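K.L.:
Contents are mmCIF, C-alpha atoms; file name my_file31.cif:
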```
data_target
loop_
_atom_site.group_PDB
_atom_site.id
_atom_site.type_symbol
_atom_site.label_atom_id
_atom_site.label_comp_id
_atom_site.auth_asym_id
_atom_site.auth_seq_id
_atom_site.Cartn_x
_atom_site.Cartn_y
_atom_site.Cartn_z
ATOM 1 C CA MET A 578 0.000 0.000 0.000
ATOM 2 C CA ARG A 579 1.334 3.395 -1.025
ATOM 3 C CA ILE A 580 1.020 6.142 1.558
ATOM 4 C CA GLY A 581 1.879 9.622 0.281
ATOM 5 C CA VAL A 582 3.553 12.101 2.630
ATOM 6 C CA VAL A 583 3.484 15.699 1.433
ATOM 7 C CA THR A 584 6.527 17.907 1.914
ATOM 8 C CA PHE A 585 5.785 21.631 1.965
ATOM 9 C CA PRO A 586 8.506 24.251 2.269
ATOM 10 C CA GLY A 587 8.936 24.281 6.050
ATOM 11 C CA SER A 588 7.639 20.781 6.772
ATOM 12 C CA LEU A 589 9.658 19.140 9.561
ATOM 13 C CA ASP A 590 8.168 15.741 10.264
ATOM 14 C CA ASP A 591 7.779 14.404 6.734
ATOM 15 C CA VAL A 592 10.798 12.103 7.107
ATOM 16 C CA ASP A 593 9.531 10.694 10.400
ATOM 17 C CA ALA A 594 6.076 10.197 8.868
ATOM 18 C CA ARG A 595 7.542 8.270 5.936
ATOM 19 C CA ARG A 596 9.597 6.212 8.374
ATOM 20 C CA ALA A 597 6.464 5.430 10.391
ATOM 21 C CA VAL A 598 4.758 4.215 7.215
ATOM 22 C CA THR A 599 7.702 1.886 6.563
ATOM 23 C CA PHE A 600 7.658 0.634 10.176
ATOM 24 C CA ALA A 601 3.968 -0.176 9.834
ATOM 25 C CA GLY A 602 4.645 -2.188 6.684
ATOM 26 C CA GLY A 603 3.571 0.288 4.002
ATOM 27 C CA GLU A 604 5.380 1.944 1.123
ATOM 28 C CA PRO A 605 5.963 5.649 1.736
ATOM 29 C CA VAL A 606 5.728 7.940 -1.278
ATOM 30 C CA ALA A 607 7.223 11.426 -1.052
ATOM 31 C CA LEU A 608 4.874 14.059 -2.489
ATOM 32 C CA TRP A 609 6.005 17.623 -3.165
ATOM 33 C CA HIS A 610 3.852 20.703 -2.553
ATOM 34 C CA ALA A 611 4.172 21.768 -6.205
ATOM 35 C CA ASP A 612 3.029 18.374 -7.526
ATOM 36 C CA HIS A 613 -0.179 18.301 -9.531
ATOM 37 C CA ASP A 614 -0.826 14.607 -9.030
ATOM 38 C CA LEU A 615 -0.873 12.221 -6.086
ATOM 39 C CA ARG A 616 1.101 9.466 -7.845
ATOM 40 C CA GLU A 617 -1.683 6.936 -7.280
ATOM 41 C CA VAL A 618 -1.212 6.746 -3.520
ATOM 42 C CA ASP A 619 -3.812 4.955 -1.400
ATOM 43 C CA ALA A 620 -3.745 7.497 1.424
ATOM 44 C CA VAL A 621 -2.058 10.802 2.285
ATOM 45 C CA VAL A 622 -0.349 12.141 5.404
ATOM 46 C CA LEU A 623 0.090 15.908 5.831
ATOM 47 C CA PRO A 624 3.000 16.106 8.269
ATOM 48 C CA GLY A 625 3.892 18.527 11.044
ATOM 49 C CA GLY A 626 6.163 21.531 10.810
ATOM 50 C CA PHE A 627 5.849 25.151 9.821
ATOM 51 C CA SER A 628 4.795 25.097 6.178
ATOM 52 C CA TYR A 629 5.453 28.411 4.455
ATOM 53 C CA GLY A 630 6.846 29.665 7.759
ATOM 54 C CA ASP A 631 3.337 29.796 9.259
ATOM 55 C CA TYR A 632 3.024 33.099 7.362
ATOM 56 C CA LEU A 633 -0.428 34.731 7.417
ATOM 57 C CA ARG A 634 -1.945 31.901 9.487
ATOM 58 C CA CYS A 635 -0.730 28.350 10.108
ATOM 59 C CA GLY A 636 -1.658 26.338 7.020
ATOM 60 C CA ALA A 637 -3.228 29.278 5.166
ATOM 61 C CA ILE A 638 -0.727 29.400 2.299
ATOM 62 C CA SER A 639 -0.333 25.611 2.059
ATOM 63 C CA ARG A 640 -4.023 25.305 1.392
ATOM 64 C CA PHE A 641 -3.489 26.904 -2.008
ATOM 65 C CA SER A 642 -0.472 24.816 -3.029
ATOM 66 C CA PRO A 643 -1.006 22.678 -6.168
ATOM 67 C CA VAL A 644 -0.832 19.370 -4.303
ATOM 68 C CA MET A 645 -3.589 20.467 -1.910
ATOM 69 C CA THR A 646 -6.004 20.974 -4.799
ATOM 70 C CA GLU A 647 -5.510 17.284 -5.553
ATOM 71 C CA VAL A 648 -5.674 16.246 -1.887
ATOM 72 C CA VAL A 649 -8.918 18.155 -1.295
ATOM 73 C CA ALA A 650 -10.565 16.632 -4.378
ATOM 74 C CA ALA A 651 -9.406 13.105 -3.489
ATOM 75 C CA ALA A 652 -10.424 13.497 0.172
ATOM 76 C CA ARG A 653 -13.938 14.430 -0.947
ATOM 77 C CA GLN A 654 -13.967 11.143 -2.921
ATOM 78 C CA GLY A 655 -13.031 9.211 0.225
ATOM 79 C CA LEU A 656 -9.224 9.023 0.123
ATOM 80 C CA PRO A 657 -7.925 8.567 3.699
ATOM 81 C CA VAL A 658 -6.071 11.724 4.761
ATOM 82 C CA LEU A 659 -4.324 12.253 8.106
ATOM 83 C CA GLY A 660 -3.176 15.747 9.058
ATOM 84 C CA ILE A 661 -0.741 15.851 11.954
ATOM 85 C CA CYS A 662 -0.189 19.145 13.807
ATOM 86 C CA ASN A 663 0.558 21.587 10.950
ATOM 87 C CA GLY A 664 -1.255 19.074 8.737
ATOM 88 C CA PHE A 665 -4.319 19.427 11.017
ATOM 89 C CA GLN A 666 -4.077 23.211 10.607
ATOM 90 C CA ILE A 667 -3.911 22.796 6.815
ATOM 91 C CA LEU A 668 -7.006 20.547 6.837
ATOM 92 C CA CYS A 669 -8.944 23.192 8.793
ATOM 93 C CA GLU A 670 -7.792 25.971 6.463
ATOM 94 C CA SER A 671 -8.836 23.769 3.514
ATOM 95 C CA HIS A 672 -12.303 23.391 5.065
ATOM 96 C CA LEU A 673 -11.964 19.609 4.971
ATOM 97 C CA LEU A 674 -12.367 19.815 8.739
ATOM 98 C CA PRO A 675 -14.412 22.365 10.713
ATOM 99 C CA GLY A 676 -12.979 24.840 13.213
ATOM 100 C CA ALA A 677 -9.505 26.318 13.516
ATOM 101 C CA LEU A 678 -6.349 26.100 15.605
ATOM 102 C CA ILE A 679 -5.156 29.158 17.475
ATOM 103 C CA ARG A 680 -2.195 30.069 19.672
ATOM 104 C CA ASN A 681 -1.913 28.085 22.895
ATOM 105 C CA ASP A 682 -3.834 29.861 25.668
ATOM 106 C CA HIS A 683 -0.755 29.890 27.926
ATOM 107 C CA ARG A 684 1.312 31.462 25.079
ATOM 108 C CA ARG A 685 4.174 28.979 25.359
ATOM 109 C CA PHE A 686 5.267 26.244 23.014
ATOM 110 C CA VAL A 687 4.389 22.896 24.544
ATOM 111 C CA CYS A 688 6.492 19.755 24.042
ATOM 112 C CA ARG A 689 5.686 16.689 26.097
ATOM 113 C CA ASP A 690 4.464 13.118 26.197
ATOM 114 C CA GLN A 691 0.688 13.508 26.172
ATOM 115 C CA ARG A 692 -1.947 11.096 27.423
ATOM 116 C CA LEU A 693 -4.871 10.747 25.029
ATOM 117 C CA ARG A 694 -8.086 8.805 24.735
ATOM 118 C CA ILE A 695 -8.906 7.447 21.279
ATOM 119 C CA GLU A 696 -12.674 7.997 21.321
ATOM 120 C CA ASN A 697 -13.445 7.041 17.748
ATOM 121 C CA ASN A 698 -11.877 3.826 16.454
ATOM 122 C CA ARG A 699 -14.122 3.659 13.389
ATOM 123 C CA THR A 700 -11.934 5.845 11.163
ATOM 124 C CA PRO A 701 -9.417 4.240 8.787
ATOM 125 C CA TRP A 702 -6.670 5.880 10.872
ATOM 126 C CA THR A 703 -7.752 4.563 14.279
ATOM 127 C CA SER A 704 -9.347 1.166 13.653
ATOM 128 C CA ASP A 705 -6.442 -0.736 15.257
ATOM 129 C CA TYR A 706 -7.094 0.937 18.626
ATOM 130 C CA ALA A 707 -9.543 -0.455 21.175
ATOM 131 C CA GLU A 708 -12.505 1.842 21.800
ATOM 132 C CA ASN A 709 -11.541 4.492 24.346
ATOM 133 C CA ALA A 710 -7.958 3.233 24.359
ATOM 134 C CA GLU A 711 -5.682 5.428 26.478
ATOM 135 C CA VAL A 712 -2.361 6.100 24.801
ATOM 136 C CA SER A 713 0.700 8.294 25.218
ATOM 137 C CA ILE A 714 1.837 10.255 22.154
ATOM 138 C CA VAL A 715 4.239 13.176 21.740
ATOM 139 C CA LEU A 716 2.640 16.624 21.592
ATOM 140 C CA LYS A 717 4.565 19.683 20.386
ATOM 141 C CA ASN A 718 2.873 22.846 19.236
ATOM 142 C CA GLY A 719 2.629 26.584 19.618
ATOM 143 C CA GLU A 720 -0.746 27.002 17.953
ATOM 144 C CA GLY A 721 -2.673 23.915 18.940
ATOM 145 C CA GLY A 722 -5.743 25.366 20.603
ATOM 146 C CA TYR A 723 -8.744 23.875 18.816
ATOM 147 C CA VAL A 724 -11.669 26.290 18.505
ATOM 148 C CA ALA A 725 -15.070 26.122 16.820
ATOM 149 C CA ASP A 726 -18.475 27.556 17.634
ATOM 150 C CA GLU A 727 -20.712 25.751 20.113
ATOM 151 C CA ARG A 728 -22.968 24.340 17.406
ATOM 152 C CA THR A 729 -19.999 22.788 15.590
ATOM 153 C CA LEU A 730 -18.581 21.385 18.834
ATOM 154 C CA ASP A 731 -21.952 19.851 19.734
ATOM 155 C CA ALA A 732 -22.209 18.339 16.251
ATOM 156 C CA LEU A 733 -18.699 16.863 16.482
ATOM 157 C CA GLU A 734 -19.504 15.283 19.845
ATOM 158 C CA GLY A 735 -22.966 14.148 18.807
ATOM 159 C CA GLU A 736 -21.713 12.470 15.644
ATOM 160 C CA GLY A 737 -18.769 10.800 17.372
ATOM 161 C CA ARG A 738 -16.279 12.823 15.367
ATOM 162 C CA VAL A 739 -14.001 13.648 18.296
ATOM 163 C CA VAL A 740 -11.271 11.141 17.423
ATOM 164 C CA ALA A 741 -8.923 11.875 20.320
ATOM 165 C CA ARG A 742 -9.195 13.842 23.535
ATOM 166 C CA TYR A 743 -6.494 15.103 25.907
ATOM 167 C CA LEU A 744 -6.239 13.407 29.296
ATOM 168 C CA ASP A 745 -4.479 14.560 32.487
ATOM 169 C CA GLY A 746 -4.864 18.259 31.796
ATOM 170 C CA ASN A 747 -5.461 20.405 28.745
ATOM 171 C CA PRO A 748 -2.087 21.287 27.166
ATOM 172 C CA ASN A 749 -3.077 24.172 24.885
ATOM 173 C CA GLY A 750 -6.543 25.517 25.607
ATOM 174 C CA SER A 751 -8.346 23.330 23.067
ATOM 175 C CA LEU A 752 -12.097 23.575 23.576
ATOM 176 C CA ARG A 753 -13.555 20.456 25.213
ATOM 177 C CA ASP A 754 -10.032 18.973 25.395
ATOM 178 C CA ILE A 755 -10.196 18.064 21.713
ATOM 179 C CA ALA A 756 -6.942 16.642 20.326
ATOM 180 C CA GLY A 757 -8.260 15.298 17.029
ATOM 181 C CA ILE A 758 -11.400 15.227 14.893
ATOM 182 C CA SER A 759 -12.677 13.660 11.694
ATOM 183 C CA ASN A 760 -14.889 14.773 8.833
ATOM 184 C CA GLU A 761 -18.419 13.389 8.519
ATOM 185 C CA ARG A 762 -17.332 10.449 6.407
ATOM 186 C CA GLY A 763 -14.435 9.641 8.742
ATOM 187 C CA ASN A 764 -11.748 9.382 6.063
ATOM 188 C CA VAL A 765 -10.176 12.750 6.936
ATOM 189 C CA VAL A 766 -8.624 12.975 10.401
ATOM 190 C CA GLY A 767 -6.768 15.893 11.978
ATOM 191 C CA LEU A 768 -4.632 15.317 15.056
ATOM 192 C CA MET A 769 -2.467 17.714 17.063
ATOM 193 C CA PRO A 770 -0.175 15.119 18.723
ATOM 194 C CA HIS A 771 2.465 13.310 16.659
ATOM 195 C CA PRO A 772 1.952 9.545 16.320
ATOM 196 C CA GLU A 773 4.916 9.347 13.911
ATOM 197 C CA HIS A 774 7.211 10.198 16.855
ATOM 198 C CA ALA A 775 5.859 7.319 18.958
ATOM 199 C CA ILE A 776 6.533 4.223 16.898
ATOM 200 C CA GLU A 777 9.541 2.606 18.588
ATOM 201 C CA ASP A 778 10.837 2.243 22.126
ATOM 202 C CA LEU A 779 14.344 3.460 21.350
ATOM 203 C CA CYS A 780 13.348 7.096 20.848
ATOM 204 C CA GLY A 781 10.065 8.373 22.137
ATOM 205 C CA PRO A 782 7.542 7.535 24.805
ATOM 206 C CA GLY A 783 6.679 4.146 23.327
ATOM 207 C CA THR A 784 4.937 2.684 20.333
ATOM 208 C CA ASP A 785 1.390 3.934 20.906
ATOM 209 C CA GLY A 786 1.466 6.038 17.731
ATOM 210 C CA LEU A 787 2.121 3.175 15.351
ATOM 211 C CA GLY A 788 -1.566 2.265 15.390
ATOM 212 C CA PHE A 789 -2.456 5.224 13.166
ATOM 213 C CA PHE A 790 -0.269 3.823 10.413
ATOM 214 C CA THR A 791 -1.136 0.136 10.836
ATOM 215 C CA SER A 792 -4.829 1.102 10.955
ATOM 216 C CA VAL A 793 -4.817 2.760 7.564
ATOM 217 C CA LEU A 794 -2.876 -0.087 5.961
ATOM 218 C CA ARG A 795 -5.359 -2.633 7.326
ATOM 219 C CA SER A 796 -8.322 -0.472 6.281
ATOM 220 C CA LEU A 797 -6.978 -0.269 2.744
ATOM 221 C CA VAL A 798 -6.472 -4.037 2.560
ATOM 222 C CA ASP A 799 -9.978 -4.670 3.895
ATOM 223 C CA ALA A 800 -11.541 -2.129 1.538
ATOM 224 C CA MET B 222 -3.607 53.511 -8.355
ATOM 225 C CA ALA B 223 -5.480 53.234 -5.093
ATOM 226 C CA ARG B 224 -4.646 51.805 -1.729
ATOM 227 C CA VAL B 225 -7.215 49.547 -0.147
ATOM 228 C CA VAL B 226 -6.710 48.562 3.471
ATOM 229 C CA VAL B 227 -7.956 45.310 4.946
ATOM 230 C CA ASP B 228 -8.024 45.023 8.729
ATOM 231 C CA VAL B 229 -8.332 41.523 10.146
ATOM 232 C CA MET B 230 -9.228 40.967 13.789
ATOM 233 C CA LEU B 231 -9.932 37.822 15.796
ATOM 234 C CA LYS B 232 -13.643 37.564 16.524
ATOM 235 C CA PRO B 233 -14.505 38.953 19.977
ATOM 236 C CA GLU B 234 -15.280 35.506 21.378
ATOM 237 C CA ILE B 235 -11.907 34.053 20.289
ATOM 238 C CA LEU B 236 -9.147 34.210 22.894
ATOM 239 C CA ASP B 237 -6.224 36.428 21.838
ATOM 240 C CA PRO B 238 -3.152 35.285 23.807
ATOM 241 C CA GLN B 239 -0.893 37.824 22.031
ATOM 242 C CA GLY B 240 -3.161 40.715 22.951
ATOM 243 C CA LYS B 241 -3.217 39.449 26.524
ATOM 244 C CA ALA B 242 0.585 39.348 26.578
ATOM 245 C CA VAL B 243 0.771 42.941 25.359
ATOM 246 C CA GLN B 244 -1.804 44.033 27.914
ATOM 247 C CA GLY B 245 0.137 42.248 30.646
ATOM 248 C CA ALA B 246 3.286 44.184 29.735
ATOM 249 C CA LEU B 247 1.649 47.598 30.074
ATOM 250 C CA PRO B 248 1.508 47.849 33.899
ATOM 251 C CA ARG B 249 5.131 46.709 34.059
ATOM 252 C CA LEU B 250 5.996 49.727 31.917
ATOM 253 C CA GLY B 251 3.978 52.022 34.136
ATOM 254 C CA PHE B 252 0.924 52.405 31.865
ATOM 255 C CA ALA B 253 -2.335 52.075 33.765
ATOM 256 C CA GLY B 254 -5.981 52.011 32.785
ATOM 257 C CA ILE B 255 -5.842 49.820 29.649
ATOM 258 C CA SER B 256 -8.523 47.216 30.285
ATOM 259 C CA ASP B 257 -8.020 45.129 27.133
ATOM 260 C CA VAL B 258 -5.721 44.777 24.113
ATOM 261 C CA ARG B 259 -6.614 42.884 20.943
ATOM 262 C CA GLN B 260 -3.984 42.301 18.266
ATOM 263 C CA GLY B 261 -4.891 42.145 14.594
ATOM 264 C CA LYS B 262 -3.405 42.400 11.118
ATOM 265 C CA ARG B 263 -3.446 45.236 8.614
ATOM 266 C CA PHE B 264 -2.988 44.580 4.886
ATOM 267 C CA GLU B 265 -2.351 47.372 2.386
ATOM 268 C CA LEU B 266 -3.286 46.433 -1.176
ATOM 269 C CA GLU B 267 -2.122 48.654 -4.019
ATOM 270 C CA VAL B 268 -4.786 48.284 -6.700
ATOM 271 C CA ASP B 269 -3.799 49.040 -10.291
ATOM 272 C CA GLY B 270 -5.981 51.372 -12.353
ATOM 273 C CA GLU B 271 -9.293 52.860 -11.352
ATOM 274 C CA LEU B 272 -10.906 51.501 -8.218
ATOM 275 C CA THR B 273 -14.272 50.378 -9.546
ATOM 276 C CA ASP B 274 -17.001 48.635 -7.560
ATOM 277 C CA GLU B 275 -15.951 45.381 -9.237
ATOM 278 C CA ARG B 276 -12.344 45.791 -8.120
ATOM 279 C CA LEU B 277 -13.481 46.599 -4.598
ATOM 280 C CA ALA B 278 -15.695 43.514 -4.593
ATOM 281 C CA GLU B 279 -12.627 41.544 -5.638
ATOM 282 C CA VAL B 280 -10.689 42.871 -2.656
ATOM 283 C CA HIS B 281 -13.549 41.708 -0.430
ATOM 284 C CA GLU B 282 -13.186 38.269 -1.965
ATOM 285 C CA ILE B 283 -9.422 38.321 -1.355
ATOM 286 C CA ALA B 284 -10.040 39.292 2.264
ATOM 287 C CA GLU B 285 -12.559 36.512 2.743
ATOM 288 C CA LYS B 286 -10.665 33.766 0.926
ATOM 289 C CA LEU B 287 -7.076 34.372 1.930
ATOM 290 C CA LEU B 288 -6.405 37.281 4.263
ATOM 291 C CA SER B 289 -8.844 36.138 6.942
ATOM 292 C CA ASN B 290 -10.180 32.858 8.241
ATOM 293 C CA PRO B 291 -13.925 33.454 8.671
ATOM 294 C CA VAL B 292 -14.060 30.737 11.337
ATOM 295 C CA ILE B 293 -12.063 32.835 13.792
ATOM 296 C CA GLU B 294 -11.630 36.284 12.258
ATOM 297 C CA ASP B 295 -13.619 39.305 11.073
ATOM 298 C CA PHE B 296 -12.332 41.736 8.463
ATOM 299 C CA SER B 297 -13.113 45.231 7.290
ATOM 300 C CA VAL B 298 -12.183 46.815 3.951
ATOM 301 C CA TYR B 299 -11.710 50.529 3.354
ATOM 302 C CA VAL B 300 -10.102 52.772 0.774
ATOM 303 C CA GLU B 301 -7.272 54.863 2.125
ATOM 304 C CA GLU B 302 -7.687 58.512 1.157
ATOM 305 C CA PHE B 303 -4.521 60.486 0.646
ATOM 306 C CA ALA B 304 -4.658 63.973 2.140
ATOM 307 C CA ASP B 305 -2.802 65.474 -0.819
ATOM 308 C CA ASP B 306 -2.106 63.310 -3.853
ATOM 309 C CA GLU B 307 0.390 65.832 -5.249
ATOM 310 C CA ASP B 308 2.649 65.375 -2.247
ATOM 311 C CA ASP B 309 2.375 61.639 -2.336
ATOM 312 C CA GLU B 310 4.874 61.034 -5.130
ATOM 313 C CA GLN B 311 7.168 59.138 -2.756
#
```
Can the structure in the file be given as structure tokens, please?

P.N.:
Amino acid sequence: MRIGVVTFPGSLDDVDARRAVTFAGGEPVALWHADHDLREVDAVVLPGGFSYGDYLRCGAISRFSPVMTEVVAAARQGLPVLGICNGFQILCESHLLPGALIRNDHRRFVCRDQRLRIENNRTPWTSDYAENAEVSIVLKNGEGGYVADERTLDALEGEGRVVARYLDGNPNGSLRDIAGISNERGNVVGLMPHPEHAIEDLCGPGTDGLGFFTSVLRSLVDA
Amino acid sequence: MARVVVDVMLKPEILDPQGKAVQGALPRLGFAGISDVRQGKRFELEVDGELTDERLAEVHEIAEKLLSNPVIEDFSVYVEEFADDEDDEQ
């Protein structure tokens, strides 16, 4: 299975994301922001970092890059897309996901091992987790506060689209402790923490993040 | 040639940590009586040719599509009037 990982100018975690795909047993495919095609990948990861220097707003310029035109169209057709951190911001700016991510309420960059609850294991990115599994995954962001209006938040909760929620304290001011959400169909998932940094015991808090990558590979095989 | 200014501000209900940081610095500098600070962005667009209603509508579209994120921000568009065009050669 071919999993595309997009590199934007300023992406930082594209290499780790490709490595995580390999660890999970998939074939990583490097995609470039100026590409006009997705090279027949079966799923796409938008990695973390500071694409286009976070100029204007995080993810605002990336949204209009050529590759994102293709990603948005394919996501609407059901292609699994995972946006991690900056990738989550890009998905919100692209209107593939509702809401927005703003500066952490405490104004400091946060970098720590974060406890999470995986509340929706019905997405192609989370199906390998037990329902309400509690995991520990690296979190590192300066603008990770998830915001949306009350109606949107109620809809996300009511439709089971809160994919992951922060445990043991809110690290960035995200409303309702939201760490990750999905679109209505479930194929598009945005996540602030970094599962690609938690795939092996040697470096990182454990292997709890690997499930995102094994999940999508299994979902693609089953599909 | 006309200059159109777009101001973008976070919606009132959205927390503005940067504004709060600025406000917090004021008493330390000896400035009292500022009850709130909100930080925004100002864009100056130099529009070629005559500024028609169509061109102005286009600037509105630019503001809505790119310069602001309507989920968290409001924007306002206005044409900047020069006090004396003759002196504005610079």

K.L.:
Define the interface residues of chain A facing chain B as those within 8 Å, counting all atoms listed in the file, and report them as a list of chain:residue names.

P.N.:
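Taken together, these residues fit the definition: A:Leu633, A:Ala637, A:Glu670, A:Gly676, A:Ala677, A:Arg680, A:Asn681, A:Asp682, A:His683, A:Arg684, A:Val724, A:Ala725.
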
K.L.:
Report, in Å to a single decimal, how far apart CA of Ser628 (chain A) and CA of Gly587 (chain A) are.

P.N.:
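So the answer is 4.2 Å.
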
K.L.:
Assuming the chain letters and numbering stay as they are in my file, what does the PyMOL selection byres ((chain B and resi 231) around 6) actually select? List them as an mmCIF file with C-alpha atoms, in the coordinates of the input.

P.N.:
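Written out: out-v2.cif:
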```
data_model
loop_
_atom_site.group_PDB
_atom_site.id
_atom_site.type_symbol
_atom_site.label_atom_id
_atom_site.label_comp_id
_atom_site.auth_asym_id
_atom_site.auth_seq_id
_atom_site.Cartn_x
_atom_site.Cartn_y
_atom_site.Cartn_z
ATOM 1 C CA MET B 230 -9.228 40.967 13.789
ATOM 2 C CA LYS B 232 -13.643 37.564 16.524
ATOM 3 C CA ILE B 293 -12.063 32.835 13.792
ATOM 4 C CA GLU B 294 -11.630 36.284 12.258
#
```

K.L.:
Taking the file as shown, what set of residues would the PyMOL selection byres ((chain A and resi 700-713) around 10) give back, as a PyMOL selection string?

P.N.:
chain A and resi 620+656-659+689-699+714-716+738+740-744+759-760+762-766+770+772+775+781-797+800

K.L.:
Could you check how far CA of Phe264 (chain B) sits from CA of Asp295 (chain B), in Å to one decimal?

P.N.:
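Separation between CA of Phe264 (chain B) and CA of Asp295 (chain B): 13.4 Å.
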
K.L.:
Would you pick out the contacts of Ala223 (chain B) at 12 Å or less, using all atoms listed in the file, so that residues sharing its chain but fewer than 4 positions from it are not included, and give the list as a list in words?

P.N.:
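Residues near the query, excluding close chain neighbours: Glu265, Leu266, Glu267, Val268, Asp269, Gly270, Glu271, Leu272, Thr273, Arg276, Leu277, Val280, Tyr299, Val300, Glu301, Glu302, Phe303, Asp306 and Asp309 of chain B.
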
K.L.:
When the PyMOL selection byres ((chain A and resi 755) around 8) is applied to the structure above, which residues does it catch, written out as a PDB file with C-alpha atoms, in the coordinates of the input?

P.N.:
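Output below, filename part00.pdb:
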```pdb
ATOM      1  CA  TYR A 723      -8.744  23.875  18.816  1.00  0.00           C
ATOM      2  CA  VAL A 739     -14.001  13.648  18.296  1.00  0.00           C
ATOM      3  CA  ALA A 741      -8.923  11.875  20.320  1.00  0.00           C
ATOM      4  CA  ARG A 742      -9.195  13.842  23.535  1.00  0.00           C
ATOM      5  CA  TYR A 743      -6.494  15.103  25.907  1.00  0.00           C
ATOM      6  CA  SER A 751      -8.346  23.330  23.067  1.00  0.00           C
ATOM      7  CA  LEU A 752     -12.097  23.575  23.576  1.00  0.00           C
ATOM      8  CA  ARG A 753     -13.555  20.456  25.213  1.00  0.00           C
ATOM      9  CA  ASP A 754     -10.032  18.973  25.395  1.00  0.00           C
ATOM     10  CA  ALA A 756      -6.942  16.642  20.326  1.00  0.00           C
ATOM     11  CA  GLY A 757      -8.260  15.298  17.029  1.00  0.00           C
ATOM     12  CA  ILE A 758     -11.400  15.227  14.893  1.00  0.00           C
TER      13      ILE A 758
END
```

K.L.:
Hey, can you check how far CA of Gly626 (chain A) sits from CA of Glu773 (chain A)?

P.N.:
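Computing it gives 12.6 Å between the two atoms.
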
K.L.:
Using all atoms listed in the file, which residues sit within 8 Å of Pro624 (chain A) once same-chain residues fewer than 4 positions away are excluded, as a list in words?

P.N.:
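In the requested form, the answer reads Val582, Val583, Thr584, Ser588, Leu589, Asp590, Asp591, Ala594, Gly660, Ile661, Cys662, Asn663 and Gly664 of chain A.
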
K.L.:
Within 12 Å of Gly245 (chain B), counting only C-alpha atoms, which residues show up once you throw out same-chain ones fewer than 5 positions away? Write them as an MDAnalysis selection string, please.

P.N.:
chainID B and resid 238:240 250:259
